Structures are given as structure tokens and as C-alpha cells.
Amino acid sequence: MTISASTSIPRVSLPFQRRSNPRGLSPKRPYGMSSLILRFPPNFVRQLSNKARRNCSNIGVAQIVAASWSNNHPLSSAAEAKASSAPISAAGEDDVDNNNNNIDESVLGFCNGGGNGSVQLVESTRKPSFLTGDGSLAIHAGERLGRGIVTDAITTPVVNTSAYFFKKSAQLIDFKEKRHVSFEYGRYGNPTTEVLEEKISQLEGAESTLILASGMCASTVMMLALVPAGGHIITTTDCYRKTRIFIETFLPKMGITASVIDPADIAGLESALNNHKVSLFFTESPTNPFLRCVDIELVSKLCHAKGTLVCIDGTFATPLNQKALALGADIVVHSATKYLGGHNDVLGGCVSGSTEIVSQVRIVHHVLGGTINPNAAYLLIRGMKTLKLRLQQQSSTAQRMAEVLEAHPKVKRVYYPGLQSHPEHELAKKQMTGYGGVVSFEVDGDLHTTIKFIDSLKIPYIAPSFGGCESIVDQPAIMSYWDLSQPERAKYGILDNLVRFSFGIEDYEDLEADVLQALEAI
């Protein structure tokens, strides 16, 4: 039996879809060819490795295995008649000949493009050969070739549930002993969330991704999972303030110390690696708010030589403008709240990397919580579909505005990796394909002059975020550091006249006119 491109494959009941006819449809409704019967070899879930299950959609695996096994083990006429009158059951539950328990490894090869059986699929269900660009992956990854939800809807459904049930205690025992694949409790996983995780994994080129409730949740859980008590971290001077607070005030309670270096200080990095048993190098690239860039490839080589993991917070870059894992990093984290969501309406964070590393983070996450709501996961899935379009507009506007601001007499300094004046401009050109939509700059004036400039703007909102459709502006001295004195703020480079401007997707001409009129007002 060969499944051709024109053949429709019947729907398959999955572990978390507990009914064979979930919508109460008439069994006569034509899901596909009535003569096509897909059977599962007994206990095939037991033989399907974790890696294979993670790298293939549940639907895809079921169809491949069932179809291939049916080719090699045809039913008798009587058995076919019996099977055609019964619903197709979940994997491992068919009443079939127990003499045929083994799955040909070539069947599993289909998951990664291998195998030469009669079921012909695309090269990989994980990264389809017909999706070559990041824009296409942002739209279709994790969804187009099957997801762990049986539906003919174009969009991924939101699975709102706090727990998942088991049919019998024997099925629960099989689950606990790794013979049955299923969800268990909402904190440990959700079908909607898994679609999002797969989408981000494909964009990052990662084996695995864990989605959490916020970017800070992702960063803190990652550090708690990968840095042992008494360990040592290396980080950089310029970073998100809440990350610095966690490293400086929370981690010391576990005996964890930190070395803080300039993003470009390679000698300082080597010194810290030589003088400490360093578990993790963690930084943003570009950094917040000065958009400094770290040589990810060089840093990774130096750290790996000492057995140190490298984690890059790529929130300002996005997976489209920078591939930190391909450059050598072990882990990449994002505040998905920003560019990935892109609509200023959802919180989320993610950790991507090898299955081995992400699994360690996942274990701690399951204990601490910080679980994203499936409705939020859906908003992130929806938001990522326009990521490339939004980012192109934002990056183009930011580049043009950075050049305008740098030439303006009322602006003292501009921080943007796309400018030749940026200290890491050449590095940014090497490891990034675009520079993002955020520009930081210093107005020629004091605190109150800068306040007047910001208050004179008409388009952007004064708010503490970036990466969304709407332009946002803030004065870090007030927004993020107002609890510190002026001299204390200055130690971190936060001057009273510093402005961070996140350009949205409004028309460039409108944004340029608004910024220029606000500068004329001071």
C-alpha cells in the first residue's frame, strides 16, 4: 500500500485526544479513502526514542509508522473488514498480531529525512525542505506538517486545561515507565505551548526550547538550573537591570559569585576564566540599553576551552537577525514579550539549546512554576507570523533615524550597531543580518531638557518595553533607575539625558517628523 500525494490520511487519535470521534461527527463523513486502513505495530511507542518523538510531530510519527507497518503486514480480507468498521485507536492499543512487534528503523528514519519505504514525505518534518527562509519558518514551523493537535483549523487551537487524564491505571503506569507518550499536568506541558516551542526551536536551529511565563523567568530559571551552589558566573557591565539585581543579590545567597566585565574585554574574560571555576558566561548581545555586541564566536571558544557554558540573551537581536547557537553559544534566551510577540499584549520568555541542556532547565522549571498560559502561547504563535515583516520595517526605520539623530545638533551621541561610530559595528556586521528597531541616544541637555523632549513627542508611548508595533520611548534614568541617586546611576553609564527609543511599524515619515519637532521644542 502506497500513500500518494493525493491520498488523504485518516485522522489519528492521540494520547491527549481521548475520543476517537472528538466532535461527534458521523462515521460516514469522508476523512479520506475508506479502503485505506492504517494500523500500528504493537507497542511501537515503547520503541520510539525520546529524540525521535521530539523531532517529529505526534501526528506525523503515527501516520508514518502506521502506514509503513501496514505495507509490510497486510490484513486478511476478514481482518480488513473488521478493522474498517472500527475506529482507529491510539498507538499501542490496536488488537493486532503480537508476533510483529518490531519497528523497522528505516521507518523512524523518515522523521529525519531517512528511509526508503513506500511512504514518501518531505526531507524533514522538523525543518521542511520547502521552507528555506526564516519568514516562512516563523509562519509555518511547528504547524504546517502536523502538530500534536488533531484539527483541520489553519490556526493552532488553544488547549485550556490544567491537567490531562488517563484511561486506565495501566496507561498511567506505562506513562510513568516511559512506554506511553502523553501530557500529565499543565505545569509540565501543553499542546499549544509545544507548537510555540517547536517554532522557536526551528528559528534558532535548536534541538529543544522551553517556553516560560516571562523573559526574567527564563533567565533566572536557566541560571538556577545550570549554576551549582558555590559556582561562578561571568556577565557584562551593560545589561538589563533586573538581571543584574538577580545576579548581585539573589545568587550570592546560594554562594554563587560573579565577575563583571566590559562586553569587549576579552582579557578580562580570560582572567576570570583562569581565576575561577566558571559555570556560565551570560550576557545580552546586543545589550540593554547601549546595544553593545559581544563576539559570540570568540567568547564561546574561550569559554568552552575551560568547560564553561555560554548563554546569550538575544532579545534585542531576535532569531532572525542573529543565530547565537550557530555562532557557538550553548543557550539562547529571549524575552518573547518583545519582538517575538510584537504586539505589546503578552508576556513570555524562552530558553533554547541542546536537548540535554534544556532538559536540565525544564526540570527546575517544573518545580518552580512560572508556566505560560496557553492563551499567551497562542498570542506568541500569532505574533511570530508577522515577525519578519515587522522587524524589516523596524530595523529600516531605526537605521535611518539613527543616522538622522547622529547628524542633529541637539543630540550628543547615538548608540546603534548599524552606525559606523558604534564600537562594535564591524562585529555586528559579521554576526548579525540586521540591527533591530531600538536606538539609544543622549540629548544635548539635562534631565529636564530630556523630559521636555520626550513629553513633546506625539506618536510613541512612554512605557518600559520595546519590539512592538507601537513605538515606545523611555528615559532610563527615570524609568529604570529613579530609585538610585544621580552618581549611582552614572556608575552604570545611565545619564539623565539618555533616551531609549523603540521604533514601531508606523510610517517612517511620520516618526521622523515627530522626532524632529520634539527636538525643536527643546
# chains A, B, ... in the order shown; residues from 1 in each chain; ligands from 1
$ residues_around --residues "range 285-287 of chain A" --least-positions-apart "3" --cutoff "9 Å" --atoms "only C-alpha atoms" --output "count of residues only"
21
$ select_by_dssp --residues "range 288-421 of chain A" --states "alpha helix (DSSP H)" --output "number ranges by chain"
A: 296-305, 318-321, 355-368, 374-384, 387-407
$ closest_residue --among "A:Thr449, A:Ser279, A:Thr220, A:Ser440" --to "Leu251 in chain A" --atoms "only C-alpha atoms"
A:Thr220
$ residues_around --residues "Val299 in chain A" --least-positions-apart "5" --cutoff "10 Å" --atoms "only C-alpha atoms" --output "list in words"
Ala264, Ile266, Leu269, Glu270, Phe281, Val294, His304, Val310, Leu327, Gly328 and Ala329 of chain A
